[in-house]
Amino acid sequence: MATAARVAGVGTLVVVLAAGAYATADAYDVVPGVVTLAPPVPDPAPFPTAPGAVEPTAVPRVLGDLDPQAPLPAAPQVQALVDALVTDARLGPSVGVTVVDQLTGEVLAGHQPDAGRVPASTAKVLTGVAALTALDPATTLPTTVVRVDAGTIALVGGGDMMLAAGAGDPAATVGHAGLADLAAATATALAQQGVTTVRLVVDDTLFSGPTQSPGWDPSYVRDGFAAPVTALAVDIAKLREGEYVPRSPDPSLAAGEAFAQRLAEAGVTVDGKPRRGSASGGLELARVESAPLVDVVHYFLETSDNTITEVVSRLVALDAGLPASFDGGTQAVLHQVSTLGVDTAGARLVDASGLAAGSSLSPALLADVVRLTTDPQHSALRDVAVGMPVAGLSGTLSGRYTTSDARGLVRAKTGSLPNVTSLAGTALDAQRRQLVFVVMADQTPEGGQWAPRQAVDAFVSQLASCGCR
């Protein structure tokens, strides 16, 4: 009896101790239970509510406003610089110059500023200004594939001559859209219709007229100064990598052949060779889009690419209801510039890029157009100003002014043809006053560009370093 009681007592003690141990473990959250020594869990935060609408902050401007308190240079001293330039033998006997205050438009100095001269590639400034005022800078150019009939598809050019042969690069301007991406999307659409074999036609009818200007030397395509201007091309029709390399004589069909290869890689067989045809009324299967127009304008201003400038002029022509041709493009560009208040009387453009012989613009007209690019009333044109090459740093001025104090202080568009050297842009002088300058020499001596460029660059460097008080 005593033994049983002892056993029962020991059992009870074990249970009590075990219960106490569990309670202790529960308090320290080692085992499940309701007892805890942890601090109480705070109430949950209320569900967040959307903040009220606020005014957006101002977007930083790439070019700041000009300081009206900066001293204006003395006109006689600036004129002395111009007089020395126009008598420099390195420029030859036909030189036009103007220097204008950017802020007020006051003409500080000049030499035959109203006489027309061959602009060469400074004409591209007009094309850039026309494009960014006539068209939405965010405009992109589509390249599409359309199903023409049960066995035929069409590759349709929308003006993008900078397509990549492979995949597109969203961060690039040249090669922003790619034929490999277009082929993959096309193959997917065709597979959904049970189609694995097609005939391919190329529709490049967006542009009209000759693909090469009558004013271009036949060697320009062979030497890579320009490509035939069509509504469709891969890498601006280059036949190999490089800047001045031969271009395809038929960029549209060359793009069609490249697209056929991409289709084959995507599992679609192309029956026969691509040929020209119409996509009228067909169902769109796929598309890719170019870089925005503003990036395209930056590209041709910085690199002085003739082909892409001509493409953009055709877009301006289409917007104006004119033929997308050399004649329509130049007419549209000059008209659009005139709507901005620039006097274009007497101006003549044979092409929009300045590559052809026969164009004529005055230094005064070019200065008026350049001055518009920093006019607050034309904010879209800031992209023309910042798209122009910077002295010693970018584009066609990257190798010039490298040892000059004007390095980084001059933005300008270059112009170069045989016996023609021109430069049009802005310079910030020693007093922080921004000046517009235009120099045009269209009878330079034989011997190339080096000597006349040295004369022009020395003048602009003096202009930038001149306090001229």
# chains A, B, ... in the order shown; residues from 1 in each chain; ligands from 1
call {"tool": "select_by_dssp", "arguments": {"residues": "stretch 127-295 of chain A", "states": "alpha helix (DSSP H)", "output": "number ranges by chain"}}
result
A: 127-134, 179-192, 219-223, 251-265, 293-295
call {"tool": "closest_atom_pairs", "arguments": {"of": "stretch 57-164 of chain A", "to": "stretch 440-464 of chain A", "cutoff": "7 Å", "atoms": "only C-alpha atoms", "output": "Markdown table"}}
result
| residue | atom | partner | partner_atom | distance |
| --- | --- | --- | --- | --- |
| A:Leu81 | CA | A:Phe459 | CA | 6.9 |
| A:Leu85 | CA | A:Phe459 | CA | 6.7 |
| A:Arg90 | CA | A:Pro452 | CA | 5.1 |
| A:Leu91 | CA | A:Thr444 | CA | 4.9 |
| A:Gly92 | CA | A:Thr444 | CA | 4.6 |
| A:Pro93 | CA | A:Gln443 | CA | 6.4 |
| A:Ser94 | CA | A:Gln443 | CA | 5.6 |
| A:Val95 | CA | A:Ala441 | CA | 4.4 |
| A:Gly96 | CA | A:Met440 | CA | 5.1 |
| A:Val97 | CA | A:Met440 | CA | 6.4 |
| A:Arg117 | CA | A:Asp442 | CA | 6.5 |
| A:Val118 | CA | A:Asp442 | CA | 5.9 |
| A:Pro119 | CA | A:Met440 | CA | 6.8 |
call {"tool": "write_last_selection", "arguments": {"atoms": "all heavy atoms", "output": "mmCIF file, in the first residue's frame"}}
result
data_model
loop_
_atom_site.group_PDB
_atom_site.id
_atom_site.type_symbol
_atom_site.label_atom_id
_atom_site.label_comp_id
_atom_site.auth_asym_id
_atom_site.auth_seq_id
_atom_site.Cartn_x
_atom_site.Cartn_y
_atom_site.Cartn_z
ATOM 1 N N LEU A 81 38.203 90.542 -86.812
ATOM 2 C CA LEU A 81 38.467 89.111 -86.949
ATOM 3 C C LEU A 81 37.909 88.589 -88.271
ATOM 4 O O LEU A 81 38.558 87.786 -88.962
ATOM 5 C CB LEU A 81 37.843 88.339 -85.790
ATOM 6 C CG LEU A 81 38.381 88.625 -84.385
ATOM 7 C CD1 LEU A 81 37.607 87.819 -83.349
ATOM 8 C CD2 LEU A 81 39.871 88.304 -84.299
ATOM 9 N N LEU A 85 39.832 86.988 -91.652
ATOM 10 C CA LEU A 85 39.492 85.670 -92.160
ATOM 11 C C LEU A 85 39.236 85.685 -93.656
ATOM 12 O O LEU A 85 39.718 84.806 -94.387
ATOM 13 C CB LEU A 85 38.239 85.157 -91.434
ATOM 14 C CG LEU A 85 37.669 83.829 -91.929
ATOM 15 C CD1 LEU A 85 38.626 82.679 -91.634
ATOM 16 C CD2 LEU A 85 36.297 83.547 -91.303
ATOM 17 N N ARG A 90 43.958 80.678 -97.603
ATOM 18 C CA ARG A 90 43.566 79.266 -97.483
ATOM 19 C C ARG A 90 42.085 79.055 -97.794
ATOM 20 O O ARG A 90 41.661 77.923 -98.041
ATOM 21 C CB ARG A 90 43.886 78.759 -96.075
ATOM 22 C CG ARG A 90 45.370 78.660 -95.779
ATOM 23 C CD ARG A 90 45.621 78.295 -94.324
ATOM 24 N NE ARG A 90 45.226 79.377 -93.413
ATOM 25 C CZ ARG A 90 45.368 79.315 -92.086
ATOM 26 N NH1 ARG A 90 45.877 78.222 -91.533
ATOM 27 N NH2 ARG A 90 44.998 80.341 -91.335
ATOM 28 N N LEU A 91 41.290 80.139 -97.770
ATOM 29 C CA LEU A 91 39.863 80.018 -98.035
ATOM 30 C C LEU A 91 39.483 80.367 -99.469
ATOM 31 O O LEU A 91 38.341 80.118 -99.875
ATOM 32 C CB LEU A 91 39.068 80.901 -97.074
ATOM 33 C CG LEU A 91 39.077 80.475 -95.610
ATOM 34 C CD1 LEU A 91 38.196 81.397 -94.784
ATOM 35 C CD2 LEU A 91 38.616 79.037 -95.456
ATOM 36 N N GLY A 92 40.386 80.944 -100.216
ATOM 37 C CA GLY A 92 40.076 81.302 -101.579
ATOM 38 C C GLY A 92 39.301 82.609 -101.679
ATOM 39 O O GLY A 92 39.084 83.306 -100.677
ATOM 40 N N PRO A 93 38.828 82.935 -102.882
ATOM 41 C CA PRO A 93 38.255 84.263 -103.122
ATOM 42 C C PRO A 93 36.767 84.414 -102.805
ATOM 43 O O PRO A 93 36.243 85.522 -102.891
ATOM 44 C CB PRO A 93 38.486 84.450 -104.623
ATOM 45 C CG PRO A 93 38.395 83.053 -105.182
ATOM 46 C CD PRO A 93 38.987 82.153 -104.141
ATOM 47 N N SER A 94 36.050 83.336 -102.491
ATOM 48 C CA SER A 94 34.603 83.425 -102.295
ATOM 49 C C SER A 94 34.251 82.991 -100.880
ATOM 50 O O SER A 94 34.081 81.804 -100.603
ATOM 51 C CB SER A 94 33.870 82.538 -103.319
ATOM 52 O OG SER A 94 32.479 82.566 -103.104
ATOM 53 N N VAL A 95 34.127 83.977 -99.985
ATOM 54 C CA VAL A 95 33.888 83.686 -98.566
ATOM 55 C C VAL A 95 32.725 84.541 -98.064
ATOM 56 O O VAL A 95 32.688 85.753 -98.295
ATOM 57 C CB VAL A 95 35.143 83.982 -97.715
ATOM 58 C CG1 VAL A 95 34.904 83.554 -96.257
ATOM 59 C CG2 VAL A 95 36.371 83.279 -98.282
ATOM 60 N N GLY A 96 31.801 83.921 -97.383
ATOM 61 C CA GLY A 96 30.708 84.635 -96.725
ATOM 62 C C GLY A 96 30.734 84.353 -95.238
ATOM 63 O O GLY A 96 30.934 83.208 -94.825
ATOM 64 N N VAL A 97 30.541 85.406 -94.432
ATOM 65 C CA VAL A 97 30.635 85.255 -92.972
ATOM 66 C C VAL A 97 29.566 86.122 -92.315
ATOM 67 O O VAL A 97 29.268 87.228 -92.794
ATOM 68 C CB VAL A 97 32.023 85.687 -92.444
ATOM 69 C CG1 VAL A 97 32.131 85.422 -90.933
ATOM 70 C CG2 VAL A 97 33.142 84.977 -93.191
ATOM 71 N N ARG A 117 25.720 80.888 -101.171
ATOM 72 C CA ARG A 117 26.906 80.083 -101.436
ATOM 73 C C ARG A 117 26.576 78.608 -101.234
ATOM 74 O O ARG A 117 25.561 78.265 -100.642
ATOM 75 C CB ARG A 117 28.068 80.500 -100.526
ATOM 76 C CG ARG A 117 28.715 81.806 -100.959
ATOM 77 C CD ARG A 117 29.944 82.153 -100.122
ATOM 78 N NE ARG A 117 30.679 83.240 -100.739
ATOM 79 C CZ ARG A 117 30.325 84.521 -100.679
ATOM 80 N NH1 ARG A 117 29.233 84.873 -100.009
ATOM 81 N NH2 ARG A 117 31.054 85.450 -101.286
ATOM 82 N N VAL A 118 27.449 77.745 -101.701
ATOM 83 C CA VAL A 118 27.237 76.308 -101.565
ATOM 84 C C VAL A 118 27.332 75.942 -100.084
ATOM 85 O O VAL A 118 28.364 76.161 -99.452
ATOM 86 C CB VAL A 118 28.276 75.522 -102.373
ATOM 87 C CG1 VAL A 118 28.062 74.017 -102.190
ATOM 88 C CG2 VAL A 118 28.201 75.900 -103.853
ATOM 89 N N PRO A 119 26.279 75.381 -99.500
ATOM 90 C CA PRO A 119 26.303 75.127 -98.062
ATOM 91 C C PRO A 119 26.983 73.835 -97.658
ATOM 92 O O PRO A 119 27.394 73.685 -96.511
ATOM 93 C CB PRO A 119 24.813 75.059 -97.711
ATOM 94 C CG PRO A 119 24.173 74.530 -98.956
ATOM 95 C CD PRO A 119 24.963 75.114 -100.104
#
call {"tool": "closest_residue", "arguments": {"among": "A:Arg147, A:Gly209, A:Arg314, A:Leu72", "to": "A:Gln431", "atoms": "only C-alpha atoms"}}
result
A:Leu72
call {"tool": "closest_residue", "arguments": {"among": "A:Leu126, A:Ala406, A:Ala165, A:Leu108", "to": "A:Thr373", "atoms": "only C-alpha atoms"}}
result
A:Leu126
call {"tool": "closest_residue", "arguments": {"among": "A:Gly408, A:Ser325, A:Gly346, A:Gly242", "to": "A:Ser208", "atoms": "only C-alpha atoms"}}
result
A:Ser325
call {"tool": "closest_residue", "arguments": {"among": "A:Thr144, A:Thr196, A:Ser379, A:Thr402", "to": "A:Ala264", "atoms": "only C-alpha atoms"}}
result
A:Thr196
call {"tool": "residues_around", "arguments": {"residues": "A:Pro142", "least_positions_apart": "5", "cutoff": "6 Å", "atoms": "only C-alpha atoms", "output": "ChimeraX atom specification"}}
result
/A:158,288-289
call {"tool": "residues_around", "arguments": {"residues": "stretch 358-366 of chain A", "least_positions_apart": "2", "cutoff": "7 Å", "atoms": "only C-alpha atoms", "output": "VMD selection string"}}
result
chain A and resid 96 to 98 113 to 119 342 to 344 347 to 350 354 356 368 to 370 438 to 440
call {"tool": "select_by_dssp", "arguments": {"residues": "stretch 109-203 of chain A", "states": "strand (DSSP E)", "output": "ChimeraX atom specification"}}
result
/A:109-111,142-149,152-156,160-163,197-203
call {"tool": "residues_around", "arguments": {"residues": "A:Asp160", "least_positions_apart": "2", "cutoff": "8 Å", "atoms": "only C-alpha atoms", "output": "ChimeraX atom specification"}}
result
/A:141-143,157-158,162-163,231-233,290
call {"tool": "atom_distance", "arguments": {"atom1": "atom CA of A:Gly387", "atom2": "atom CA of A:Val156"}}
result
29.6 Å
call {"tool": "residues_around", "arguments": {"residues": "A:Asn306", "least_positions_apart": "6", "cutoff": "8 Å", "atoms": "only C-alpha atoms", "output": "PDB file with N, CA and C atoms, in the first residue's frame"}}
result
ATOM      1  N   PHE A 225      29.637  57.531 -99.623  1.00  0.00           N
ATOM      2  CA  PHE A 225      29.190  58.842 -99.153  1.00  0.00           C
ATOM      3  C   PHE A 225      27.666  58.893 -99.019  1.00  0.00           C
ATOM      4  N   ALA A 226      26.979  58.019 -99.714  1.00  0.00           N
ATOM      5  CA  ALA A 226      25.521  57.938 -99.617  1.00  0.00           C
ATOM      6  C   ALA A 226      25.078  56.604-100.176  1.00  0.00           C
ATOM      7  N   PHE A 300      22.019  62.081 -87.667  1.00  0.00           N
ATOM      8  CA  PHE A 300      22.533  62.642 -88.920  1.00  0.00           C
ATOM      9  C   PHE A 300      23.227  63.980 -88.717  1.00  0.00           C
ATOM     10  N   SER A 353      20.558  67.033 -97.955  1.00  0.00           N
ATOM     11  CA  SER A 353      21.771  66.734 -97.195  1.00  0.00           C
ATOM     12  C   SER A 353      22.933  67.657 -97.513  1.00  0.00           C
ATOM     13  N   GLY A 354      22.847  68.363 -98.628  1.00  0.00           N
ATOM     14  CA  GLY A 354      23.959  69.221 -99.039  1.00  0.00           C
ATOM     15  C   GLY A 354      25.022  68.498 -99.833  1.00  0.00           C
ATOM     16  N   LEU A 355      24.789  67.221-100.179  1.00  0.00           N
ATOM     17  CA  LEU A 355      25.797  66.455-100.913  1.00  0.00           C
ATOM     18  C   LEU A 355      25.868  66.841-102.379  1.00  0.00           C
TER      19      LEU A 355
END
call {"tool": "closest_residue", "arguments": {"among": "A:Ser416, A:Val99, A:Thr133, A:Gly105", "to": "A:His335", "atoms": "only C-alpha atoms"}}
result
A:Thr133
call {"tool": "atom_distance", "arguments": {"atom1": "atom CA of A:Arg275", "atom2": "atom CA of A:Ser313"}}
result
26.7 Å
call {"tool": "atom_distance", "arguments": {"atom1": "atom CA of A:Ala266", "atom2": "atom CA of A:Ala164"}}
result
16.1 Å
